[in-house]
file protein-v1.pdb (PDB, C-alpha atoms, pLDDT in the B column)
ATOM      1  CA  MET A1310      26.795 -63.000 -18.076  1.00 82.00           C
ATOM      2  CA  THR A1311      29.524 -65.639 -18.134  1.00 83.00           C
ATOM      3  CA  TYR A1312      29.740 -68.936 -16.254  1.00 88.00           C
ATOM      4  CA  GLN A1313      32.092 -67.556 -13.596  1.00 88.00           C
ATOM      5  CA  GLU A1314      29.851 -64.548 -12.853  1.00 90.00           C
ATOM      6  CA  LYS A1315      26.771 -66.743 -12.557  1.00 91.00           C
ATOM      7  CA  LYS A1316      28.644 -69.217 -10.367  1.00 92.00           C
ATOM      8  CA  SER A1317      29.833 -66.444  -8.030  1.00 93.00           C
ATOM      9  CA  ILE A1318      26.246 -65.230  -7.609  1.00 94.00           C
ATOM     10  CA  VAL A1319      24.960 -68.763  -6.958  1.00 94.00           C
ATOM     11  CA  THR A1320      27.755 -69.399  -4.420  1.00 94.00           C
ATOM     12  CA  LEU A1321      26.986 -66.116  -2.645  1.00 94.00           C
ATOM     13  CA  ILE A1322      23.244 -66.768  -2.427  1.00 95.00           C
ATOM     14  CA  SER A1323      23.714 -70.394  -1.364  1.00 94.00           C
ATOM     15  CA  ALA A1324      26.239 -69.406   1.342  1.00 94.00           C
ATOM     16  CA  ILE A1325      23.729 -66.927   2.801  1.00 95.00           C
ATOM     17  CA  LEU A1326      20.811 -69.356   2.576  1.00 95.00           C
ATOM     18  CA  ILE A1327      22.739 -72.267   4.108  1.00 95.00           C
ATOM     19  CA  PHE A1328      24.039 -70.180   7.023  1.00 95.00           C
ATOM     20  CA  VAL A1329      20.728 -68.449   7.800  1.00 95.00           C
ATOM     21  CA  SER A1330      18.671 -71.644   7.583  1.00 94.00           C
ATOM     22  CA  TYR A1331      21.196 -73.578   9.689  1.00 94.00           C
ATOM     23  CA  CYS A1332      21.175 -70.855  12.367  1.00 93.00           C
ATOM     24  CA  LEU A1333      17.363 -70.831  12.389  1.00 93.00           C
ATOM     25  CA  TYR A1334      17.394 -74.628  12.735  1.00 92.00           C
ATOM     26  CA  MET A1335      19.912 -74.594  15.601  1.00 89.00           C
ATOM     27  CA  TYR A1336      18.517 -71.585  17.475  1.00 86.00           C
ATOM     28  CA  PRO A1337      15.790 -73.516  19.392  1.00 85.00           C
ATOM     29  CA  GLN A1338      18.409 -76.084  20.471  1.00 82.00           C
ATOM     30  CA  PHE A1339      20.570 -73.467  22.205  1.00 80.00           C
ATOM     31  CA  PRO A1340      21.191 -74.705  25.791  1.00 75.00           C
ATOM     32  CA  GLU A1341      19.478 -72.493  28.358  1.00 70.00           C
ATOM     33  CA  TRP A1342      21.254 -73.843  31.413  1.00 63.00           C
ATOM     34  CA  GLY A1343      24.642 -72.650  32.783  1.00 61.00           C
ATOM     35  CA  LEU A1344      26.443 -70.284  30.455  1.00 62.00           C
ATOM     36  CA  GLU A1345      29.848 -71.949  30.874  1.00 68.00           C
ATOM     37  CA  SER A1346      28.687 -75.560  31.253  1.00 78.00           C
ATOM     38  CA  THR A1347      30.292 -78.426  29.347  1.00 82.00           C
ATOM     39  CA  GLU A1348      27.029 -78.851  27.462  1.00 81.00           C
ATOM     40  CA  THR A1349      27.327 -75.294  26.108  1.00 84.00           C
ATOM     41  CA  PHE A1350      30.813 -75.943  24.745  1.00 87.00           C
ATOM     42  CA  ARG A1351      29.569 -79.223  23.287  1.00 88.00           C
ATOM     43  CA  PHE A1352      26.765 -77.291  21.587  1.00 89.00           C
ATOM     44  CA  TRP A1353      29.169 -74.811  19.980  1.00 90.00           C
ATOM     45  CA  GLY A1354      31.577 -77.553  18.967  1.00 91.00           C
ATOM     46  CA  SER A1355      28.838 -79.508  17.232  1.00 92.00           C
ATOM     47  CA  PHE A1356      27.434 -76.270  15.765  1.00 92.00           C
ATOM     48  CA  VAL A1357      30.722 -75.509  13.984  1.00 92.00           C
ATOM     49  CA  LEU A1358      31.445 -79.091  12.890  1.00 95.00           C
ATOM     50  CA  ILE A1359      27.947 -79.768  11.562  1.00 94.00           C
ATOM     51  CA  LEU A1360      27.853 -76.342   9.865  1.00 93.00           C
ATOM     52  CA  THR A1361      31.147 -77.116   8.108  1.00 93.00           C
ATOM     53  CA  LEU A1362      29.877 -80.505   6.964  1.00 95.00           C
ATOM     54  CA  VAL A1363      26.475 -79.176   5.870  1.00 94.00           C
ATOM     55  CA  THR A1364      28.111 -76.281   3.987  1.00 93.00           C
ATOM     56  CA  ILE A1365      30.500 -78.566   2.080  1.00 94.00           C
ATOM     57  CA  ILE A1366      27.777 -81.057   1.112  1.00 95.00           C
ATOM     58  CA  ALA A1367      25.289 -78.309   0.187  1.00 94.00           C
ATOM     59  CA  HIS A1368      27.887 -76.482  -1.935  1.00 92.00           C
ATOM     60  CA  ILE A1369      28.722 -79.688  -3.826  1.00 94.00           C
ATOM     61  CA  ILE A1370      25.038 -80.443  -4.479  1.00 95.00           C
ATOM     62  CA  ILE A1371      24.265 -76.833  -5.498  1.00 94.00           C
ATOM     63  CA  SER A1372      27.331 -76.782  -7.777  1.00 92.00           C
ATOM     64  CA  ILE A1373      26.202 -79.981  -9.548  1.00 93.00           C
ATOM     65  CA  ILE A1374      22.646 -78.656  -9.963  1.00 94.00           C
ATOM     66  CA  PHE A1375      23.978 -75.301 -11.193  1.00 93.00           C
ATOM     67  CA  ASN A1376      26.197 -76.991 -13.794  1.00 92.00           C
ATOM     68  CA  ILE A1377      23.291 -79.097 -15.059  1.00 93.00           C
ATOM     69  CA  ILE A1378      21.002 -76.038 -15.334  1.00 93.00           C
ATOM     70  CA  PHE A1379      23.818 -74.029 -16.976  1.00 91.00           C
ATOM     71  CA  ARG A1380      24.348 -76.727 -19.626  1.00 91.00           C
ATOM     72  CA  ILE A1381      20.622 -77.049 -20.335  1.00 91.00           C
ATOM     73  CA  THR A1382      19.893 -73.310 -20.539  1.00 90.00           C
ATOM     74  CA  THR A1383      22.998 -72.111 -22.409  1.00 86.00           C
ATOM     75  CA  LYS A1384      23.927 -75.282 -24.341  1.00 84.00           C
ATOM     76  CA  GLU A1385      27.513 -74.482 -23.289  1.00 81.00           C
ATOM     77  CA  LYS A1386      29.898 -76.710 -21.373  1.00 82.00           C
ATOM     78  CA  GLU A1387      31.260 -75.260 -18.140  1.00 83.00           C
ATOM     79  CA  PRO A1388      35.047 -74.542 -18.112  1.00 84.00           C
ATOM     80  CA  SER A1389      36.934 -77.617 -16.959  1.00 84.00           C
ATOM     81  CA  PHE A1390      40.026 -75.719 -15.772  1.00 87.00           C
ATOM     82  CA  ALA A1391      41.060 -72.478 -14.063  1.00 89.00           C
ATOM     83  CA  ASP A1392      43.167 -70.166 -16.206  1.00 90.00           C
ATOM     84  CA  GLU A1393      45.444 -67.311 -15.096  1.00 93.00           C
ATOM     85  CA  LEU A1394      42.566 -64.841 -14.622  1.00 93.00           C
ATOM     86  CA  ASP A1395      40.627 -67.341 -12.502  1.00 93.00           C
ATOM     87  CA  LYS A1396      43.692 -68.012 -10.353  1.00 95.00           C
ATOM     88  CA  LEU A1397      44.404 -64.301  -9.893  1.00 95.00           C
ATOM     89  CA  ILE A1398      40.809 -63.608  -8.860  1.00 95.00           C
ATOM     90  CA  GLU A1399      40.847 -66.645  -6.552  1.00 95.00           C
ATOM     91  CA  LEU A1400      43.987 -65.283  -4.859  1.00 97.00           C
ATOM     92  CA  LYS A1401      42.418 -61.847  -4.350  1.00 96.00           C
ATOM     93  CA  ALA A1402      39.213 -63.426  -3.011  1.00 96.00           C
ATOM     94  CA  ASN A1403      41.206 -65.592  -0.586  1.00 97.00           C
ATOM     95  CA  ARG A1404      43.259 -62.598   0.575  1.00 97.00           C
ATOM     96  CA  ASN A1405      40.134 -60.545   1.382  1.00 97.00           C
ATOM     97  CA  SER A1406      38.394 -63.540   2.896  1.00 97.00           C
ATOM     98  CA  PHE A1407      41.329 -64.373   5.215  1.00 97.00           C
ATOM     99  CA  PHE A1408      41.679 -60.721   6.203  1.00 97.00           C
ATOM    100  CA  VAL A1409      38.033 -60.569   7.321  1.00 97.00           C
ATOM    101  CA  PHE A1410      38.353 -63.836   9.222  1.00 97.00           C
ATOM    102  CA  ILE A1411      41.519 -62.710  11.019  1.00 97.00           C
ATOM    103  CA  VAL A1412      39.801 -59.462  12.056  1.00 97.00           C
ATOM    104  CA  GLY A1413      36.905 -61.554  13.387  1.00 96.00           C
ATOM    105  CA  PHE A1414      39.302 -63.902  15.175  1.00 96.00           C
ATOM    106  CA  LEU A1415      41.043 -60.952  16.869  1.00 97.00           C
ATOM    107  CA  LEU A1416      37.669 -59.473  17.851  1.00 96.00           C
ATOM    108  CA  ALA A1417      36.673 -62.845  19.306  1.00 95.00           C
ATOM    109  CA  MET A1418      39.869 -62.964  21.388  1.00 96.00           C
ATOM    110  CA  GLY A1419      39.273 -59.335  22.391  1.00 96.00           C
ATOM    111  CA  SER A1420      35.819 -60.248  23.677  1.00 94.00           C
ATOM    112  CA  LEU A1421      37.445 -62.675  26.128  1.00 92.00           C
ATOM    113  CA  ILE A1422      39.803 -59.942  27.361  1.00 94.00           C
ATOM    114  CA  ILE A1423      36.859 -57.688  28.234  1.00 94.00           C
ATOM    115  CA  TYR A1424      35.209 -60.540  30.214  1.00 89.00           C
ATOM    116  CA  GLN A1425      32.474 -61.372  27.745  1.00 88.00           C
ATOM    117  CA  PRO A1426      30.947 -64.856  28.046  1.00 88.00           C
ATOM    118  CA  SER A1427      32.446 -67.573  25.850  1.00 87.00           C
ATOM    119  CA  GLN A1428      29.210 -67.597  23.793  1.00 88.00           C
ATOM    120  CA  VAL A1429      30.077 -64.131  22.506  1.00 91.00           C
ATOM    121  CA  MET A1430      33.484 -65.393  21.409  1.00 93.00           C
ATOM    122  CA  PHE A1431      31.928 -68.334  19.537  1.00 92.00           C
ATOM    123  CA  MET A1432      29.285 -66.108  17.938  1.00 93.00           C
ATOM    124  CA  ILE A1433      31.929 -63.633  16.720  1.00 95.00           C
ATOM    125  CA  LEU A1434      34.082 -66.490  15.376  1.00 94.00           C
ATOM    126  CA  ILE A1435      31.191 -68.136  13.512  1.00 95.00           C
ATOM    127  CA  THR A1436      29.880 -64.812  12.198  1.00 95.00           C
ATOM    128  CA  SER A1437      33.338 -63.800  10.979  1.00 96.00           C
ATOM    129  CA  GLY A1438      33.635 -67.181   9.243  1.00 95.00           C
ATOM    130  CA  PHE A1439      30.347 -66.506   7.477  1.00 95.00           C
ATOM    131  CA  ILE A1440      31.248 -62.899   6.570  1.00 96.00           C
ATOM    132  CA  SER A1441      34.655 -64.027   5.259  1.00 96.00           C
ATOM    133  CA  ASP A1442      32.901 -66.583   3.032  1.00 94.00           C
ATOM    134  CA  VAL A1443      30.553 -63.874   1.722  1.00 96.00           C
ATOM    135  CA  THR A1444      33.501 -61.490   1.243  1.00 96.00           C
ATOM    136  CA  GLY A1445      35.293 -64.093  -0.881  1.00 95.00           C
ATOM    137  CA  SER A1446      32.254 -64.574  -3.125  1.00 95.00           C
ATOM    138  CA  VAL A1447      31.618 -60.819  -3.429  1.00 96.00           C
ATOM    139  CA  THR A1448      35.299 -60.212  -4.285  1.00 96.00           C
ATOM    140  CA  LYS A1449      35.130 -62.858  -7.027  1.00 94.00           C
ATOM    141  CA  LEU A1450      31.937 -61.388  -8.452  1.00 94.00           C
ATOM    142  CA  TYR A1451      33.383 -57.857  -8.342  1.00 94.00           C
ATOM    143  CA  HIS A1452      36.589 -58.815 -10.167  1.00 93.00           C
ATOM    144  CA  TYR A1453      34.822 -60.948 -12.757  1.00 91.00           C
ATOM    145  CA  ARG A1454      32.536 -58.020 -13.571  1.00 89.00           C
ATOM    146  CA  LYS A1455      34.899 -55.054 -13.180  1.00 88.00           C
ATOM    147  CA  GLY A1456      38.225 -56.645 -14.047  1.00 86.00           C
ATOM    148  CA  VAL A1457      41.530 -57.094 -12.261  1.00 86.00           C
TER
ATOM    149  CA  MET B 161      39.195 -51.025 -12.531  1.00 53.00           C
ATOM    150  CA  GLY B 162      40.065 -48.528 -15.303  1.00 52.00           C
ATOM    151  CA  LYS B 163      43.862 -48.402 -15.029  1.00 65.00           C
ATOM    152  CA  ASN B 164      44.912 -50.994 -17.582  1.00 74.00           C
ATOM    153  CA  LEU B 165      47.451 -49.457 -19.937  1.00 81.00           C
ATOM    154  CA  VAL B 166      47.747 -52.567 -22.097  1.00 87.00           C
ATOM    155  CA  GLY B 167      45.177 -52.373 -24.868  1.00 90.00           C
ATOM    156  CA  ASN B 168      44.407 -54.838 -27.643  1.00 93.00           C
ATOM    157  CA  HIS B 169      42.722 -55.283 -31.012  1.00 94.00           C
ATOM    158  CA  ILE B 170      41.293 -58.706 -30.237  1.00 95.00           C
ATOM    159  CA  ARG B 171      37.705 -57.861 -31.123  1.00 94.00           C
ATOM    160  CA  LYS B 172      38.675 -56.422 -34.514  1.00 94.00           C
ATOM    161  CA  LEU B 173      41.054 -59.301 -35.214  1.00 94.00           C
ATOM    162  CA  ARG B 174      38.416 -61.885 -34.376  1.00 95.00           C
ATOM    163  CA  PHE B 175      36.096 -60.213 -36.842  1.00 93.00           C
ATOM    164  CA  ASN B 176      38.835 -60.216 -39.507  1.00 92.00           C
ATOM    165  CA  HIS B 177      39.517 -63.913 -38.914  1.00 91.00           C
ATOM    166  CA  ASP B 178      36.223 -65.257 -40.265  1.00 88.00           C
ATOM    167  CA  GLU B 179      34.305 -63.850 -37.303  1.00 90.00           C
ATOM    168  CA  MET B 180      36.046 -66.175 -34.886  1.00 92.00           C
ATOM    169  CA  THR B 181      33.979 -66.605 -31.726  1.00 93.00           C
ATOM    170  CA  GLN B 182      35.289 -65.781 -28.259  1.00 92.00           C
ATOM    171  CA  GLN B 183      35.086 -69.468 -27.380  1.00 91.00           C
ATOM    172  CA  GLN B 184      37.147 -70.464 -30.437  1.00 93.00           C
ATOM    173  CA  LEU B 185      39.844 -67.953 -29.534  1.00 95.00           C
ATOM    174  CA  ALA B 186      39.726 -69.078 -25.904  1.00 94.00           C
ATOM    175  CA  ASP B 187      40.229 -72.697 -26.984  1.00 92.00           C
ATOM    176  CA  LYS B 188      43.173 -71.732 -29.202  1.00 93.00           C
ATOM    177  CA  ALA B 189      44.805 -69.662 -26.462  1.00 94.00           C
ATOM    178  CA  GLY B 190      44.078 -72.187 -23.721  1.00 93.00           C
ATOM    179  CA  VAL B 191      41.971 -69.926 -21.521  1.00 93.00           C
ATOM    180  CA  THR B 192      38.289 -69.603 -20.635  1.00 91.00           C
ATOM    181  CA  ARG B 193      35.862 -67.422 -22.581  1.00 90.00           C
ATOM    182  CA  GLN B 194      35.605 -65.193 -19.488  1.00 89.00           C
ATOM    183  CA  THR B 195      39.252 -64.194 -19.937  1.00 92.00           C
ATOM    184  CA  ILE B 196      38.699 -63.226 -23.586  1.00 94.00           C
ATOM    185  CA  VAL B 197      35.653 -61.176 -22.514  1.00 91.00           C
ATOM    186  CA  ALA B 198      37.745 -59.395 -19.848  1.00 92.00           C
ATOM    187  CA  LEU B 199      40.550 -58.726 -22.350  1.00 93.00           C
ATOM    188  CA  GLU B 200      38.187 -57.278 -24.949  1.00 93.00           C
ATOM    189  CA  LYS B 201      36.572 -55.023 -22.360  1.00 90.00           C
ATOM    190  CA  GLY B 202      40.025 -53.821 -21.297  1.00 89.00           C
ATOM    191  CA  ASN B 203      39.437 -55.166 -17.795  1.00 89.00           C
ATOM    192  CA  TYR B 204      42.514 -57.367 -17.695  1.00 91.00           C
ATOM    193  CA  SER B 205      46.154 -57.141 -18.766  1.00 92.00           C
ATOM    194  CA  PRO B 206      47.284 -60.627 -19.796  1.00 93.00           C
ATOM    195  CA  SER B 207      50.532 -62.269 -18.805  1.00 93.00           C
ATOM    196  CA  LEU B 208      53.288 -62.175 -21.411  1.00 94.00           C
ATOM    197  CA  GLU B 209      52.776 -65.875 -22.088  1.00 94.00           C
ATOM    198  CA  LEU B 210      49.048 -65.461 -22.738  1.00 95.00           C
ATOM    199  CA  ALA B 211      49.678 -62.405 -24.920  1.00 95.00           C
ATOM    200  CA  PHE B 212      52.019 -64.497 -27.084  1.00 95.00           C
ATOM    201  CA  ARG B 213      49.520 -67.371 -27.239  1.00 95.00           C
ATOM    202  CA  ILE B 214      46.778 -65.009 -28.434  1.00 96.00           C
ATOM    203  CA  ALA B 215      49.114 -63.435 -31.010  1.00 95.00           C
ATOM    204  CA  HIS B 216      49.993 -66.948 -32.237  1.00 94.00           C
ATOM    205  CA  ALA B 217      46.288 -67.773 -32.524  1.00 94.00           C
ATOM    206  CA  PHE B 218      45.979 -64.884 -35.000  1.00 94.00           C
ATOM    207  CA  ASN B 219      49.354 -65.649 -36.664  1.00 93.00           C
ATOM    208  CA  LEU B 220      50.452 -62.101 -35.946  1.00 94.00           C
ATOM    209  CA  PRO B 221      53.352 -60.541 -34.051  1.00 94.00           C
ATOM    210  CA  LEU B 222      52.604 -59.462 -30.501  1.00 93.00           C
ATOM    211  CA  GLU B 223      52.669 -55.721 -31.226  1.00 92.00           C
ATOM    212  CA  GLU B 224      49.907 -56.056 -33.824  1.00 93.00           C
ATOM    213  CA  VAL B 225      47.557 -57.527 -31.248  1.00 94.00           C
ATOM    214  CA  PHE B 226      48.552 -55.627 -28.103  1.00 94.00           C
ATOM    215  CA  PHE B 227      49.696 -52.067 -27.527  1.00 92.00           C
ATOM    216  CA  TYR B 228      50.793 -50.021 -24.572  1.00 88.00           C
ATOM    217  CA  GLY B 229      49.055 -46.745 -23.819  1.00 79.00           C
ATOM    218  CA  ASP B 230      46.474 -44.993 -25.987  1.00 69.00           C
ATOM    219  CA  ASN B 231      47.146 -46.528 -29.411  1.00 60.00           C
ATOM    220  CA  THR B 232      43.868 -47.394 -31.067  1.00 53.00           C
ATOM    221  CA  LYS B 233      44.994 -47.691 -34.684  1.00 50.00           C
ATOM    222  CA  LEU B 234      45.553 -51.142 -36.235  1.00 49.00           C
TER
END
call {"tool": "encode", "arguments": {"input": "protein-v1.pdb", "output": "structure tokens"}}
result
Amino acid sequence: MTYQEKKSIVTLISAILIFVSYCLYMYPQFPEWGLESTETFRFWGSFVLILTLVTIIAHIIISIIFNIIFRITTKEKEPSFADELDKLIELKANRNSFFVFIVGFLLAMGSLIIYQPSQVMFMILITSGFISDVTGSVTKLYHYRKGV
Amino acid sequence: MGKNLVGNHIRKLRFNHDEMTQQQLADKAGVTRQTIVALEKGNYSPSLELAFRIAHAFNLPLEEVFFYGDNTKL
């Protein structure tokens, strides 16, 4: 298995672990009072911002650890650049990822049309963000293994 | 994906060039080893520029490294 395949798997697993553990951490803090109160919107705002920050920092740390372990175990140096195949796969992954997120965004807007509470809209948005991230990683893994 | 019509003799040529490793060829062609792996497996059709760079790495004309369709003879 090459560096890119291993990295795609690590990114996929870390994305799932970060999201699930963050949700489990935030779940008890969910405000129980008024569904449309300012505090509820503040909760969702901080949920998204902190999740973004945590995800970026965790991905950087995991990437550094992965590179160190890769160098030690394989005695190979990780590629320092992205060639044409990497860029092509990245484009395909981004396309699929954006498509999933846009579908989620439209579903979230649709939930408001059918008078669902704003929590449902936020949940759909956040979930679609997570699924789009997973879709991007799965697309990369698929194309690195099966070709373009 | 199974629909690549551009084939190549890279594996055989590497063997004939003092058993050149995939990494050595990748360094000469300016790509990652993953790309050489994908090319050898027939999972990727390279750009024209990369095809020329690989042919140059073997000091061979393009048509002796790559072929179109089902041409397996070298």
call {"tool": "resolve_selection", "arguments": {"input": "protein-v1.pdb", "expression": "the PyMOL selection byres ((chain B) within 9 of (chain A))", "output": "PyMOL selection string"}}
result
chain B and resi 161-162+164+190-195+197-199+201-207+210
call {"tool": "atom_distance", "arguments": {"input": "protein-v1.pdb", "atom1": "CA of Glu224 in chain B", "atom2": "CA of Lys172 in chain B"}}
result
11.3 Å
call {"tool": "atom_distance", "arguments": {"input": "protein-v1.pdb", "atom1": "CA of Ile1423 in chain A", "atom2": "CA of Thr1347 in chain A"}}
result
21.8 Å
call {"tool": "residues_near_point", "arguments": {"input": "protein-v1.pdb", "point": "(42.0, -65.3, -1.0)", "cutoff": "12 Å", "atoms": "only C-alpha atoms", "output": "PyMOL selection string"}}
result
chain A and resi 1395-1410+1441-1449
call {"tool": "axis_aligned_box", "arguments": {"input": "protein-v1.pdb", "around": "range 190-196 of chain B", "padding_each_side": "4 Å", "output": "lines of an AutoDock Vina configuration file"}}
result
center_x = 39.8
center_y = -67.7
center_z = -21.6
size_x = 16.5
size_y = 17.0
size_z = 12.2
call {"tool": "atom_distance", "arguments": {"input": "protein-v1.pdb", "atom1": "CA of Val1363 in chain A", "atom2": "CA of Pro1426 in chain A"}}
result
26.8 Å
